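Source file: data.pdb (PDB, C-alpha atoms and all ligand atoms)
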```pdb
ATOM      1  CA  MET A 697      44.793 -47.706 -14.591  1.00  0.00           C
ATOM      2  CA  ASN A 698      43.872 -49.323 -17.850  1.00  0.00           C
ATOM      3  CA  ARG A 699      45.014 -48.118 -21.229  1.00  0.00           C
ATOM      4  CA  ALA A 700      41.895 -46.083 -22.095  1.00  0.00           C
ATOM      5  CA  ALA A 701      42.027 -44.207 -18.759  1.00  0.00           C
ATOM      6  CA  ARG A 702      45.725 -43.440 -19.256  1.00  0.00           C
ATOM      7  CA  ILE A 703      45.105 -42.123 -22.781  1.00  0.00           C
ATOM      8  CA  LEU A 704      42.256 -39.965 -21.418  1.00  0.00           C
ATOM      9  CA  ALA A 705      44.557 -38.624 -18.669  1.00  0.00           C
ATOM     10  CA  ALA A 706      47.261 -37.825 -21.238  1.00  0.00           C
ATOM     11  CA  ALA A 707      44.714 -36.038 -23.434  1.00  0.00           C
ATOM     12  CA  CYS A 708      43.475 -33.964 -20.453  1.00  0.00           C
ATOM     13  CA  ALA A 709      47.053 -33.097 -19.477  1.00  0.00           C
ATOM     14  CA  THR A 710      47.785 -32.054 -23.063  1.00  0.00           C
ATOM     15  CA  LEU A 711      44.685 -29.834 -23.144  1.00  0.00           C
ATOM     16  CA  LEU A 712      45.727 -28.213 -19.838  1.00  0.00           C
ATOM     17  CA  LEU A 713      49.322 -27.685 -20.970  1.00  0.00           C
ATOM     18  CA  LEU A 714      48.540 -26.321 -24.459  1.00  0.00           C
ATOM     19  CA  PRO A 715      47.541 -22.843 -23.155  1.00  0.00           C
ATOM     20  CA  CYS A 716      50.835 -22.770 -21.214  1.00  0.00           C
ATOM     21  CA  LEU A 717      52.611 -23.689 -24.449  1.00  0.00           C
ATOM     22  CA  GLY A 718      50.844 -20.800 -26.206  1.00  0.00           C
ATOM     23  CA  PHE A 719      51.785 -18.466 -23.360  1.00  0.00           C
ATOM     24  CA  GLY A 720      55.404 -19.561 -23.734  1.00  0.00           C
ATOM     25  CA  LEU A 721      55.348 -18.924 -27.493  1.00  0.00           C
ATOM     26  CA  PHE A 722      53.841 -15.492 -26.879  1.00  0.00           C
ATOM     27  CA  GLY A 723      56.568 -14.761 -24.344  1.00  0.00           C
ATOM     28  CA  LEU A 724      59.212 -16.030 -26.750  1.00  0.00           C
ATOM     29  CA  LEU A 725      57.968 -13.582 -29.411  1.00  0.00           C
ATOM     30  CA  ALA A 726      57.776 -10.751 -26.866  1.00  0.00           C
ATOM     31  CA  SER A 727      61.348 -11.479 -25.783  1.00  0.00           C
ATOM     32  CA  GLN A 728      62.501 -10.770 -29.370  1.00  0.00           C
ATOM     33  CA  GLU A 729      61.678  -7.061 -28.864  1.00  0.00           C
ATOM     34  CA  PRO A 730      64.757  -4.864 -28.962  1.00  0.00           C
ATOM     35  CA  GLY A 731      66.030  -4.184 -25.483  1.00  0.00           C
ATOM     36  CA  ALA A 732      64.789  -7.453 -23.971  1.00  0.00           C
ATOM     37  CA  GLY A 733      67.642  -9.488 -22.560  1.00  0.00           C
ATOM     38  CA  ILE A 734      68.750 -12.844 -24.023  1.00  0.00           C
ATOM     39  CA  GLY A 735      67.888 -14.343 -20.639  1.00  0.00           C
ATOM     40  CA  TRP A 736      64.142 -14.063 -21.356  1.00  0.00           C
ATOM     41  CA  THR A 737      64.545 -15.838 -24.707  1.00  0.00           C
ATOM     42  CA  ILE A 738      66.512 -18.676 -23.091  1.00  0.00           C
ATOM     43  CA  GLY A 739      64.027 -18.835 -20.214  1.00  0.00           C
ATOM     44  CA  TYR A 740      61.021 -19.131 -22.530  1.00  0.00           C
ATOM     45  CA  ILE A 741      62.762 -21.739 -24.710  1.00  0.00           C
ATOM     46  CA  VAL A 742      63.513 -23.836 -21.595  1.00  0.00           C
ATOM     47  CA  PHE A 743      59.894 -23.344 -20.447  1.00  0.00           C
ATOM     48  CA  GLU A 744      58.613 -24.575 -23.822  1.00  0.00           C
ATOM     49  CA  LEU A 745      60.972 -27.576 -23.855  1.00  0.00           C
ATOM     50  CA  VAL A 746      59.877 -28.603 -20.348  1.00  0.00           C
ATOM     51  CA  LEU A 747      56.205 -28.388 -21.348  1.00  0.00           C
ATOM     52  CA  ILE A 748      56.769 -30.377 -24.552  1.00  0.00           C
ATOM     53  CA  GLY A 749      58.728 -32.928 -22.506  1.00  0.00           C
ATOM     54  CA  MET A 750      55.874 -33.251 -20.003  1.00  0.00           C
ATOM     55  CA  ILE A 751      53.319 -33.775 -22.791  1.00  0.00           C
ATOM     56  CA  ALA A 752      55.579 -36.300 -24.535  1.00  0.00           C
ATOM     57  CA  ALA A 753      56.209 -38.167 -21.245  1.00  0.00           C
ATOM     58  CA  GLY A 754      52.462 -38.293 -20.581  1.00  0.00           C
ATOM     59  CA  TRP A 755      51.746 -39.794 -23.999  1.00  0.00           C
ATOM     60  CA  TRP A 756      54.691 -42.195 -23.698  1.00  0.00           C
ATOM     61  CA  ALA A 757      53.315 -43.445 -20.365  1.00  0.00           C
ATOM     62  CA  ALA A 758      49.809 -43.712 -21.825  1.00  0.00           C
ATOM     63  CA  LEU A 759      50.741 -45.555 -25.011  1.00  0.00           C
ATOM     64  CA  ARG A 760      53.509 -47.912 -23.840  1.00  0.00           C
ATOM     65  CA  ARG A 761      52.639 -51.572 -23.637  1.00  0.00           C
ATOM     66  CA  ASP A 762      51.318 -52.941 -20.373  1.00  0.00           C
ATOM     67  CA  PRO A 763      54.101 -54.702 -18.454  1.00  0.00           C
ATOM     68  CA  ARG A 764      53.858 -58.472 -18.378  1.00  0.00           C
ATOM     69  CA  LEU A 765      53.400 -60.378 -15.142  1.00  0.00           C
ATOM     70  CA  PRO A 766      56.505 -62.338 -14.004  1.00  0.00           C
ATOM     71  CA  TRP A 767      55.080 -65.699 -15.065  1.00  0.00           C
ATOM     72  CA  GLU A 768      53.941 -64.510 -18.473  1.00  0.00           C
ATOM     73  CA  CYS A 769      56.065 -64.951 -21.573  1.00  0.00           C
ATOM     74  CA  PRO A 770      57.667 -61.554 -22.353  1.00  0.00           C
ATOM     75  CA  SER A 771      57.122 -62.187 -26.039  1.00  0.00           C
ATOM     76  CA  CYS A 772      53.535 -63.460 -26.338  1.00  0.00           C
ATOM     77  CA  GLY A 773      52.052 -63.218 -22.818  1.00  0.00           C
ATOM     78  CA  TYR A 774      51.503 -66.981 -22.481  1.00  0.00           C
ATOM     79  CA  ASP A 775      50.856 -68.072 -18.864  1.00  0.00           C
ATOM     80  CA  ARG A 776      53.910 -70.205 -18.052  1.00  0.00           C
ATOM     81  CA  ARG A 777      53.016 -71.165 -14.433  1.00  0.00           C
ATOM     82  CA  SER A 778      52.054 -74.692 -15.467  1.00  0.00           C
ATOM     83  CA  SER A 779      55.002 -75.305 -17.794  1.00  0.00           C
ATOM     84  CA  SER A 780      58.603 -76.103 -16.910  1.00  0.00           C
ATOM     85  CA  ASP A 781      61.652 -73.961 -17.620  1.00  0.00           C
ATOM     86  CA  GLY A 782      62.963 -73.650 -21.139  1.00  0.00           C
ATOM     87  CA  PRO A 783      61.624 -71.995 -24.244  1.00  0.00           C
ATOM     88  CA  CYS A 784      58.037 -70.744 -24.247  1.00  0.00           C
ATOM     89  CA  PRO A 785      55.765 -73.624 -25.404  1.00  0.00           C
ATOM     90  CA  GLU A 786      53.539 -71.113 -27.205  1.00  0.00           C
ATOM     91  CA  CYS A 787      55.993 -69.047 -29.255  1.00  0.00           C
ATOM     92  CA  GLY A 788      59.418 -70.595 -28.515  1.00  0.00           C
ATOM     93  CA  ALA A 789      60.909 -67.461 -26.935  1.00  0.00           C
ATOM     94  CA  ILE A 790      63.868 -68.141 -24.607  1.00  0.00           C
ATOM     95  CA  MET A 791      63.205 -66.964 -21.055  1.00  0.00           C
ATOM     96  CA  GLY A 792      65.833 -64.762 -19.381  1.00  0.00           C
TER      97      GLY A 792
HETATM   98 ZN    ZN A 801      55.745 -66.927 -25.706  1.00  0.00          ZN
END
```
Step by step, read the file and then write its structure as structure tokens.
Ligand SMILES: [Zn+2]
Amino acid sequence: MNRAARILAAACATLLLLPCLGFGLFGLLASQEPGAGIGWTIGYIVFELVLIGMIAAGWWAALRRDPRLPWECPSCGYDRRSSSDGPCPECGAIMG
């Protein structure tokens, strides 16, 4: 998947998860009623944290840089297949 498709997928996932997030907030408020157990409050907080984590993970995966191919310089992406070992001839980065 290219970057634009991943960002689109993350946006769709966020749109799908936002109503769940609203439901969780509603439940969190409802669990503040007198007589409701603390277990509901904890449960809804965990539910909200999991949803926020899923949305954040989706955006992290969408926005992180594309991994370099093994023969590309990790710093500048220069194709090093034709050059010998040693520092990158393009930017001078030391290869691991
Ligand atoms: Zn380089």
Please determine, counting only C-alpha atoms and all ligand atoms, which residue among A:Cys716, A:Cys784, A:Ile748, A:Cys708 has the shortest atom-to-atom distance to ligand ZN 801 (chain A).
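Answer, going by the shortest atom-to-atom distance: A:Cys784.
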Could you state the separation of atom ZN of ligand ZN 801 (chain A) and atom CA of A:Arg702 in Å, given to one decimal place?
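Computing it gives 26.3 Å between the two atoms.
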List as a Markdown table every residue of chain A that is in contact with ligand ZN 801 (chain A), defined as an atom at most 7 Å from one of its atoms (using all atoms listed in the file), together with the nearest atom pair and the distance in Å rounded to one decimal, sorted by chain and then rising number.
```
| residue | atom | partner | partner_atom | distance |
| --- | --- | --- | --- | --- |
| A:Cys769 | CA | A:ZN801 | ZN | 4.6 |
| A:Pro770 | CA | A:ZN801 | ZN | 6.6 |
| A:Ser771 | CA | A:ZN801 | ZN | 4.9 |
| A:Cys772 | CA | A:ZN801 | ZN | 4.2 |
| A:Gly773 | CA | A:ZN801 | ZN | 6.0 |
| A:Tyr774 | CA | A:ZN801 | ZN | 5.3 |
| A:Cys784 | CA | A:ZN801 | ZN | 4.7 |
| A:Pro785 | CA | A:ZN801 | ZN | 6.7 |
| A:Glu786 | CA | A:ZN801 | ZN | 5.0 |
| A:Cys787 | CA | A:ZN801 | ZN | 4.1 |
| A:Gly788 | CA | A:ZN801 | ZN | 5.9 |
| A:Ala789 | CA | A:ZN801 | ZN | 5.3 |
```
Can you write out the residues you just picked, keeping C-alpha atoms, as a PDB file, in the frame of the given file?
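Below is the file that was written, again-v6.pdb:
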```pdb
ATOM      1  CA  CYS A 769      56.065 -64.951 -21.573  1.00  0.00           C
ATOM      2  CA  PRO A 770      57.667 -61.554 -22.353  1.00  0.00           C
ATOM      3  CA  SER A 771      57.122 -62.187 -26.039  1.00  0.00           C
ATOM      4  CA  CYS A 772      53.535 -63.460 -26.338  1.00  0.00           C
ATOM      5  CA  GLY A 773      52.052 -63.218 -22.818  1.00  0.00           C
ATOM      6  CA  TYR A 774      51.503 -66.981 -22.481  1.00  0.00           C
ATOM      7  CA  CYS A 784      58.037 -70.744 -24.247  1.00  0.00           C
ATOM      8  CA  PRO A 785      55.765 -73.624 -25.404  1.00  0.00           C
ATOM      9  CA  GLU A 786      53.539 -71.113 -27.205  1.00  0.00           C
ATOM     10  CA  CYS A 787      55.993 -69.047 -29.255  1.00  0.00           C
ATOM     11  CA  GLY A 788      59.418 -70.595 -28.515  1.00  0.00           C
ATOM     12  CA  ALA A 789      60.909 -67.461 -26.935  1.00  0.00           C
TER      13      ALA A 789
END
```
Taking into account only C-alpha atoms, which residue in the set A:Tyr740, A:Ala709, A:Pro763, A:Val746 is nearest to A:Ala726?
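Under the stated criterion, the closest residue is A:Tyr740.
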Between atom CA of A:Gly723 and atom CA of A:Trp736, what is the distance, to one decimal in Å?
8.2 Å
Top pick for closest residue to A:Ala701, considering A:Glu768, A:Leu745, A:Ala758, A:Leu713 and counting all atoms listed in the file
A:Ala758
The distance between atom CA of A:Thr710 and atom CA of A:Phe743 is 15.1 Å
Which residues, written as JSON, numbers by chain, have at least one atom at most 10 Å from A:Leu725, with only C-alpha atoms counted and residues fewer than 5 positions away on the same chain left out?
{"A": [719, 720, 737, 740]}
Keeping only C-alpha atoms, take the residues you just selected and write them out as an mmCIF file, in the coordinates of the input.
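After the write, part25.cif holds the following:
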```cif
data_model
loop_
_atom_site.group_PDB
_atom_site.id
_atom_site.type_symbol
_atom_site.label_atom_id
_atom_site.label_comp_id
_atom_site.auth_asym_id
_atom_site.auth_seq_id
_atom_site.Cartn_x
_atom_site.Cartn_y
_atom_site.Cartn_z
ATOM 1 C CA PHE A 719 51.785 -18.466 -23.360
ATOM 2 C CA GLY A 720 55.404 -19.561 -23.734
ATOM 3 C CA THR A 737 64.545 -15.838 -24.707
ATOM 4 C CA TYR A 740 61.021 -19.131 -22.530
#
```
Close residues, A:Ala700 itself excluded, 10 Å, only C-alpha atoms, min 5 positions apart in chain, as a list in words:
Ala705, Ala706, Ala758 and Leu759 of chain A
List as number ranges by chain: which residues have an atom within 12 Å of (52.1, -44.5, -27.2), counting all atoms listed in the file?
A: 699-700, 702-703, 706-707, 751-762
Set up a box along x, y and z of the file covering all listed atoms of stretch 734-743 of chain A, add 3 Å on every one of the six sides, and write the centre and edge lengths in Å to one decimal, as JSON.
```
{"center_x": 64.3, "center_y": -18.3, "center_z": -22.5, "size_x": 14.9, "size_y": 17.0, "size_z": 10.5}
```
